[in-house]
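Chemist: See target.cif below, with mmCIF, C-alpha atoms.
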```cif
data_target
#
loop_
_atom_site.label_atom_id
_atom_site.label_comp_id
_atom_site.auth_asym_id
_atom_site.auth_seq_id
_atom_site.Cartn_x
_atom_site.Cartn_y
_atom_site.Cartn_z
CA MET A 1 3.56 -5.29 -7.37
CA LEU A 2 0.13 -6.29 -6.09
CA THR A 3 -0.02 -9.54 -4.19
CA LEU A 4 -3.30 -11.23 -5.00
CA CYS A 5 -2.47 -14.28 -2.88
CA THR A 6 -3.60 -16.67 -5.58
CA ARG A 7 -3.05 -20.37 -5.85
CA VAL A 8 -2.69 -21.19 -9.53
CA HIS A 9 -1.62 -24.48 -11.04
CA LYS A 10 -0.13 -25.31 -14.48
CA MET A 11 0.64 -21.72 -15.50
CA THR A 12 2.27 -21.00 -18.85
CA ASP A 13 5.15 -18.51 -19.12
CA ARG A 14 2.69 -15.92 -20.43
CA GLN A 15 0.41 -16.46 -17.43
CA VAL A 16 3.34 -16.07 -15.03
CA ALA A 17 4.25 -12.78 -16.73
CA VAL A 18 0.67 -11.54 -16.38
CA ALA A 19 0.61 -12.52 -12.70
CA ALA A 20 3.68 -10.35 -12.10
CA LEU A 21 2.16 -7.18 -13.57
CA SER A 22 0.89 -4.30 -11.48
CA ALA A 23 -2.73 -4.31 -10.36
CA GLY A 24 -3.87 -1.97 -13.13
CA ALA A 25 -2.19 -4.05 -15.78
CA VAL A 26 -3.63 -7.25 -14.33
CA ILE A 27 -7.11 -5.76 -14.37
CA ALA A 28 -6.60 -4.58 -17.96
CA ALA A 29 -5.32 -8.05 -18.92
CA ILE A 30 -8.40 -9.62 -17.34
CA GLY A 31 -10.55 -7.25 -19.39
CA ASP A 32 -8.67 -8.29 -22.51
CA LEU A 33 -9.07 -11.93 -21.53
CA LEU A 34 -12.80 -11.52 -21.17
CA ARG A 35 -13.00 -9.73 -24.52
CA GLY A 36 -10.88 -12.47 -26.07
CA LEU A 37 -8.34 -9.99 -27.43
CA ARG A 38 -5.05 -11.37 -26.14
CA LEU A 39 -5.31 -14.31 -23.80
CA ARG A 40 -7.36 -17.45 -23.66
CA PRO A 41 -9.02 -18.64 -20.45
CA THR A 42 -6.59 -20.70 -18.39
CA GLY A 43 -8.74 -22.08 -15.65
CA ALA A 44 -6.86 -20.02 -13.05
CA VAL A 45 -8.88 -19.32 -9.92
CA VAL A 46 -8.42 -16.44 -7.49
CA THR A 47 -8.80 -17.96 -4.02
CA GLU A 48 -7.97 -14.92 -1.91
CA LEU A 49 -8.03 -11.14 -2.40
CA CYS A 50 -5.52 -9.11 -0.39
CA ARG A 51 -4.54 -5.48 -0.22
CA TYR A 52 -1.98 -3.47 1.69
CA PRO A 53 -3.71 -0.14 2.55
CA ILE A 54 -0.43 1.40 3.77
CA LYS A 55 2.65 0.44 1.79
CA SER A 56 4.57 -2.31 3.59
CA LEU A 57 2.27 -2.65 6.59
CA SER A 58 0.13 -5.75 7.11
CA ARG A 59 -2.25 -6.97 4.48
CA GLU A 60 -6.00 -7.23 4.68
CA THR A 61 -7.95 -10.10 3.18
CA LEU A 62 -11.13 -9.02 1.42
CA ASP A 63 -14.29 -11.02 0.77
CA SER A 64 -14.90 -9.16 -2.49
CA VAL A 65 -13.74 -6.13 -4.40
CA VAL A 66 -15.06 -4.12 -7.33
CA VAL A 67 -12.32 -3.50 -9.87
CA ALA A 68 -12.23 -1.41 -13.02
CA ALA A 69 -10.09 -1.83 -16.12
CA GLU A 70 -6.84 0.16 -16.08
CA CYS A 71 -7.33 1.22 -12.46
CA ALA A 72 -5.39 0.31 -9.35
CA PHE A 73 -6.70 -2.37 -7.01
CA PRO A 74 -9.05 -0.35 -4.74
CA GLY A 75 -7.43 0.71 -1.48
CA ASP A 76 -4.14 -1.09 -2.18
CA ARG A 77 -1.08 0.93 -1.16
CA GLU A 78 -3.26 4.02 -1.08
CA TRP A 79 -1.06 5.45 1.68
CA ALA A 80 2.68 5.30 2.34
CA ILE A 81 5.03 6.47 5.11
CA LEU A 82 7.51 8.76 3.35
CA ARG A 83 10.92 9.29 4.95
CA GLY A 84 11.46 12.85 6.17
CA GLU A 85 14.54 13.43 4.02
CA HIS A 86 12.46 12.71 0.88
CA LEU A 87 9.43 14.93 1.57
CA HIS A 88 10.43 17.32 -1.20
CA GLU A 89 10.15 14.50 -3.77
CA HIS A 90 6.44 13.79 -3.23
CA ASP A 91 3.88 15.92 -5.07
CA PRO A 92 0.35 14.67 -4.31
CA THR A 93 -0.97 16.32 -7.48
CA ARG A 94 1.28 14.26 -9.77
CA SER A 95 1.49 10.53 -10.20
CA ARG A 96 5.18 9.73 -9.88
CA TRP A 97 6.92 6.52 -8.91
CA LEU A 98 9.37 6.74 -6.01
CA HIS A 99 11.77 3.97 -5.04
CA LYS A 100 10.72 1.92 -2.00
CA ALA A 101 13.85 3.01 -0.09
CA LYS A 102 12.33 6.51 0.10
CA PHE A 103 9.55 5.11 2.28
CA HIS A 104 9.49 3.37 5.63
CA VAL A 105 8.99 -0.25 4.58
CA ALA A 106 9.30 -3.54 6.47
CA MET A 107 12.33 -4.49 4.36
CA LEU A 108 14.24 -1.58 5.92
CA ASP A 109 12.26 -1.06 9.13
CA GLU A 110 11.55 -4.59 10.34
CA GLN A 111 9.53 -3.48 13.36
CA LEU A 112 6.71 -2.40 11.03
CA SER A 113 5.89 -6.07 10.47
CA ALA A 114 4.80 -6.31 14.14
CA LEU A 115 1.76 -4.12 13.47
CA ARG A 116 -1.59 -5.42 12.22
CA ILE A 117 -3.83 -2.84 10.64
CA ALA A 118 -7.45 -2.53 9.63
CA TYR A 119 -8.45 0.23 7.22
CA SER A 120 -11.79 1.37 5.87
CA ALA A 121 -11.38 3.01 2.47
CA ASP A 122 -14.88 4.51 2.81
CA THR A 123 -14.26 6.30 6.12
CA GLN A 124 -10.42 6.36 5.96
CA ARG A 125 -10.37 4.99 9.50
CA LEU A 126 -7.12 3.27 10.43
CA GLU A 127 -6.71 0.99 13.39
CA ALA A 128 -3.33 -0.49 14.29
CA ARG A 129 -2.80 -3.32 16.76
CA ASP A 130 0.42 -4.62 18.27
CA GLN A 131 1.48 -8.25 18.62
CA ALA A 132 -0.51 -8.57 21.85
CA ASP A 133 -3.61 -7.49 19.85
CA LYS A 134 -3.78 -4.20 21.77
CA THR A 135 -5.07 -1.20 19.81
CA VAL A 136 -2.15 1.23 19.57
CA LEU A 137 -3.63 3.65 17.03
CA ASP A 138 -7.19 4.49 16.03
CA THR A 139 -7.63 7.51 13.79
CA VAL A 140 -9.19 8.86 10.61
CA LEU A 141 -6.53 9.54 7.99
CA GLY A 142 -8.81 11.76 5.92
CA THR A 143 -8.47 14.59 8.44
CA ASP A 144 -5.33 16.63 9.12
CA ASP A 145 -5.58 15.87 12.85
CA GLY A 146 -6.03 12.16 12.20
CA ARG A 147 -3.15 11.95 9.73
CA GLN A 148 -0.87 13.91 12.08
CA LYS A 149 -1.83 11.60 14.96
CA ALA A 150 -0.78 8.62 12.81
CA GLU A 151 2.48 10.36 11.84
CA ARG A 152 3.34 11.01 15.49
CA TYR A 153 2.59 7.38 16.34
CA PHE A 154 4.73 5.97 13.50
CA ALA A 155 7.61 8.36 14.29
CA GLU A 156 7.58 7.28 17.95
CA PHE A 157 7.16 3.61 17.00
CA LEU A 158 10.11 3.74 14.58
CA GLY A 159 12.24 5.74 17.04
CA THR A 160 12.24 9.47 16.35
CA GLU A 161 15.90 9.79 17.35
CA ARG A 162 17.04 7.54 14.49
CA LEU A 163 14.89 9.10 11.75
CA ASN A 164 16.44 11.46 9.19
CA CYS A 165 14.28 14.56 9.25
CA SER A 166 13.47 16.94 6.43
CA ALA A 167 15.04 20.41 6.37
CA GLU A 168 11.94 21.54 8.30
CA GLY A 169 12.55 18.92 11.01
CA VAL A 170 9.76 16.54 9.92
CA PRO A 171 10.76 12.89 10.60
CA LEU A 172 8.19 11.30 8.27
CA ARG A 173 4.92 11.99 6.53
CA LEU A 174 1.97 9.74 5.83
CA VAL A 175 1.27 10.51 2.18
CA ARG A 176 -1.45 9.83 -0.35
CA SER A 177 -1.77 10.85 -3.96
CA ASP A 178 -4.55 13.14 -5.16
CA VAL A 179 -4.27 11.53 -8.61
CA PRO A 180 -7.15 9.07 -9.12
CA GLY A 181 -5.88 5.50 -9.39
CA HIS A 182 -2.34 6.27 -8.16
CA CYS A 183 -0.88 3.93 -5.57
CA PHE A 184 2.54 3.41 -4.02
CA HIS A 185 3.55 0.13 -5.67
CA ASN A 186 7.15 -1.06 -5.81
#
```
How does the structure come out when it is put into structure tokens?
Modeler:
Amino acid sequence: MLTLCTRVHKMTDRQVAVAALSAGAVIAAIGDLLRGLRLRPTGAVVTELCRYPIKSLSRETLDSVVVAAECAFPGDREWAILRGEHLHEHDPTRSRWLHKAKFHVAMLDEQLSALRIAYSADTQRLEARDQADKTVLDTVLGTDDGRQKAERYFAEFLGTERLNCSAEGVPLRLVRSDVPGHCFHN
């Protein structure tokens, strides 16, 4: 589910249901709202736009974003850290939902919440900072070398010795879908 970080008052049950939909559905519902097909204006105001570039890592607050009907929120959960024992379940050419337990997420790997990240969707540059605001990772995920550098960092950060590796000995993989609009939502 996409967290839009909104502050909305006096919501009807229908509005609450819409707020809980995935980003694509919310965008489609907004399109319907504007076309007057399903919903009437409610006076709700979006006060903050947030995205999580890598599933379960820190969020980024955006000043603005261009959205399209029936598309994912741009750059939100574009990447995910897949557990080594589940590598065989990810096919980047197909859009397929995988349960959050198959990924390294803060709910299961609490230390991930200590990292603060900045990500540029245009350049695919990822910067991670620790709690002391020290840069601990700076790489470009769009290159094999950059992605592998990030994978090595996350494996070491999470503790390689406690990770369940794939049959090939891979502890984790930073994955992205090749399917336009796919994201790693819960």
Chemist: Could you list, as a PyMOL selection string, every residue matched by the PyMOL selection byres ((chain A and resi 156-166) around 9) in this structure?
Modeler: chain A and resi 83-88+104+109+111-112+151-155+167-172
Chemist: Residues within 8 Å of Trp79 of chain A, please, as a PyMOL selection string. Count only C-alpha atoms; anything in the same chain fewer than 3 positions from it doesn't count.
Modeler: chain A and resi 53-55+174-177+183-184
Chemist: Skipping near chain neighbours, those fewer than 5 positions away, what residues fall within 9 Å of Ile117 of chain A using only C-alpha atoms, listed as a PyMOL selection string?
Modeler: chain A and resi 53-54+57-60+126-130
Chemist: Apply the PyMOL selection byres ((chain A and resi 51) around 8) to the structure shown and report the selected residues as a PyMOL selection string.
Modeler: chain A and resi 2-4+49-50+52-53+59-62+73+75-77
Chemist: Taking only C-alpha atoms into account, which of A:Val46, A:Ala114, A:Ala150, A:Ala121 comes nearest Ile81 of chain A?
Modeler: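 Of A:Val46, A:Ala114, A:Ala150, A:Ala121, the one nearest Ile81 of chain A is A:Ala150, counting only C-alpha atoms.
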Chemist: What's the separation between atom CA of Leu137 of chain A and atom CA of Leu82 of chain A, in Å to one decimal place?
Modeler: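 Between atom CA of Leu137 of chain A and atom CA of Leu82 of chain A the gap is 18.4 Å.
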Chemist: Can you tell me which residues surround Pro74 of chain A at a distance of at most 8 Å, considering all atoms listed in the file, apart from same-chain residues fewer than 3 positions away, and format the answer as a PyMOL selection string?
Modeler: chain A and resi 65-67
Chemist: What's the separation between atom CA of His185 of chain A and atom CA of Arg96 of chain A, in Å to one decimal place?
Modeler: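 Answer for the atom CA of His185 of chain A to atom CA of Arg96 of chain A separation: 10.6 Å.
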Chemist: Run the PyMOL selection byres ((chain A and resi 178) around 6) against the file shown and list the residues it catches, as a PyMOL selection string.
Modeler: chain A and resi 92-93+177+179
Chemist: Would you mind reading off the distance between atom CA of Arg173 of chain A and atom CA of Val136 of chain A, one decimal, in Å?
Modeler: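 Between atom CA of Arg173 of chain A and atom CA of Val136 of chain A the gap is 18.3 Å.
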Chemist: Mind rebuilding segment 134-145 of chain A with all heavy atoms and writing that out as a compact mmCIF listing (two decimals), in the coordinates of the input?
Modeler:
```
# COMPACT_ATOMS: atom_id res chain seq x y z
N LYS A 134 -3.35 -5.44 21.11
CA LYS A 134 -3.78 -4.20 21.77
C LYS A 134 -3.85 -3.09 20.72
O LYS A 134 -2.93 -2.93 19.91
CB LYS A 134 -2.77 -3.82 22.86
CG LYS A 134 -3.08 -2.51 23.54
CD LYS A 134 -1.98 -2.14 24.51
CE LYS A 134 -2.19 -0.72 24.99
NZ LYS A 134 -0.96 -0.12 25.48
N THR A 135 -4.94 -2.32 20.73
CA THR A 135 -5.07 -1.20 19.81
C THR A 135 -4.07 -0.11 20.22
O THR A 135 -4.11 0.37 21.35
CB THR A 135 -6.50 -0.63 19.81
OG1 THR A 135 -7.39 -1.66 19.39
CG2 THR A 135 -6.62 0.57 18.87
N VAL A 136 -3.17 0.22 19.29
CA VAL A 136 -2.15 1.23 19.57
C VAL A 136 -2.39 2.52 18.79
O VAL A 136 -1.77 3.54 19.09
CB VAL A 136 -0.73 0.68 19.28
CG1 VAL A 136 -0.38 -0.42 20.29
CG2 VAL A 136 -0.62 0.17 17.86
N LEU A 137 -3.29 2.46 17.81
CA LEU A 137 -3.63 3.65 17.03
C LEU A 137 -5.02 3.46 16.47
O LEU A 137 -5.35 2.41 15.93
CB LEU A 137 -2.63 3.84 15.88
CG LEU A 137 -2.91 4.99 14.91
CD1 LEU A 137 -2.78 6.34 15.61
CD2 LEU A 137 -1.96 4.92 13.71
N ASP A 138 -5.85 4.49 16.61
CA ASP A 138 -7.19 4.49 16.03
C ASP A 138 -7.46 5.92 15.60
O ASP A 138 -7.58 6.81 16.44
CB ASP A 138 -8.21 4.02 17.06
CG ASP A 138 -9.58 3.74 16.44
OD1 ASP A 138 -9.79 4.08 15.26
OD2 ASP A 138 -10.44 3.19 17.16
N THR A 139 -7.50 6.15 14.29
CA THR A 139 -7.63 7.51 13.79
C THR A 139 -8.25 7.51 12.40
O THR A 139 -8.34 6.48 11.75
CB THR A 139 -6.25 8.22 13.79
OG1 THR A 139 -6.44 9.61 13.55
CG2 THR A 139 -5.33 7.63 12.72
N VAL A 140 -8.64 8.68 11.96
CA VAL A 140 -9.19 8.86 10.61
C VAL A 140 -8.16 9.62 9.79
O VAL A 140 -7.85 10.78 10.07
CB VAL A 140 -10.54 9.62 10.64
CG1 VAL A 140 -11.05 9.87 9.23
CG2 VAL A 140 -11.57 8.85 11.46
N LEU A 141 -7.61 8.94 8.78
CA LEU A 141 -6.53 9.54 7.99
C LEU A 141 -7.00 10.66 7.08
O LEU A 141 -6.19 11.47 6.64
CB LEU A 141 -5.84 8.45 7.15
CG LEU A 141 -5.19 7.33 7.94
CD1 LEU A 141 -4.56 6.32 6.99
CD2 LEU A 141 -4.16 7.88 8.91
N GLY A 142 -8.28 10.73 6.81
CA GLY A 142 -8.81 11.76 5.92
C GLY A 142 -8.86 13.15 6.53
O GLY A 142 -9.20 14.12 5.85
N THR A 143 -8.51 13.27 7.80
CA THR A 143 -8.47 14.59 8.44
C THR A 143 -7.02 14.93 8.77
O THR A 143 -6.20 14.04 8.98
CB THR A 143 -9.29 14.61 9.75
OG1 THR A 143 -8.64 13.76 10.72
CG2 THR A 143 -10.72 14.14 9.52
N ASP A 144 -6.70 16.22 8.78
CA ASP A 144 -5.33 16.63 9.12
C ASP A 144 -4.95 16.15 10.52
O ASP A 144 -3.85 15.63 10.72
CB ASP A 144 -5.18 18.15 9.04
CG ASP A 144 -5.16 18.66 7.60
OD1 ASP A 144 -4.90 17.86 6.68
OD2 ASP A 144 -5.40 19.86 7.40
N ASP A 145 -5.86 16.31 11.48
CA ASP A 145 -5.58 15.87 12.85
C ASP A 145 -5.34 14.37 12.90
O ASP A 145 -4.42 13.90 13.58
CB ASP A 145 -6.72 16.26 13.80
CG ASP A 145 -6.77 17.74 14.09
OD1 ASP A 145 -5.76 18.44 13.86
OD2 ASP A 145 -7.82 18.20 14.58
```
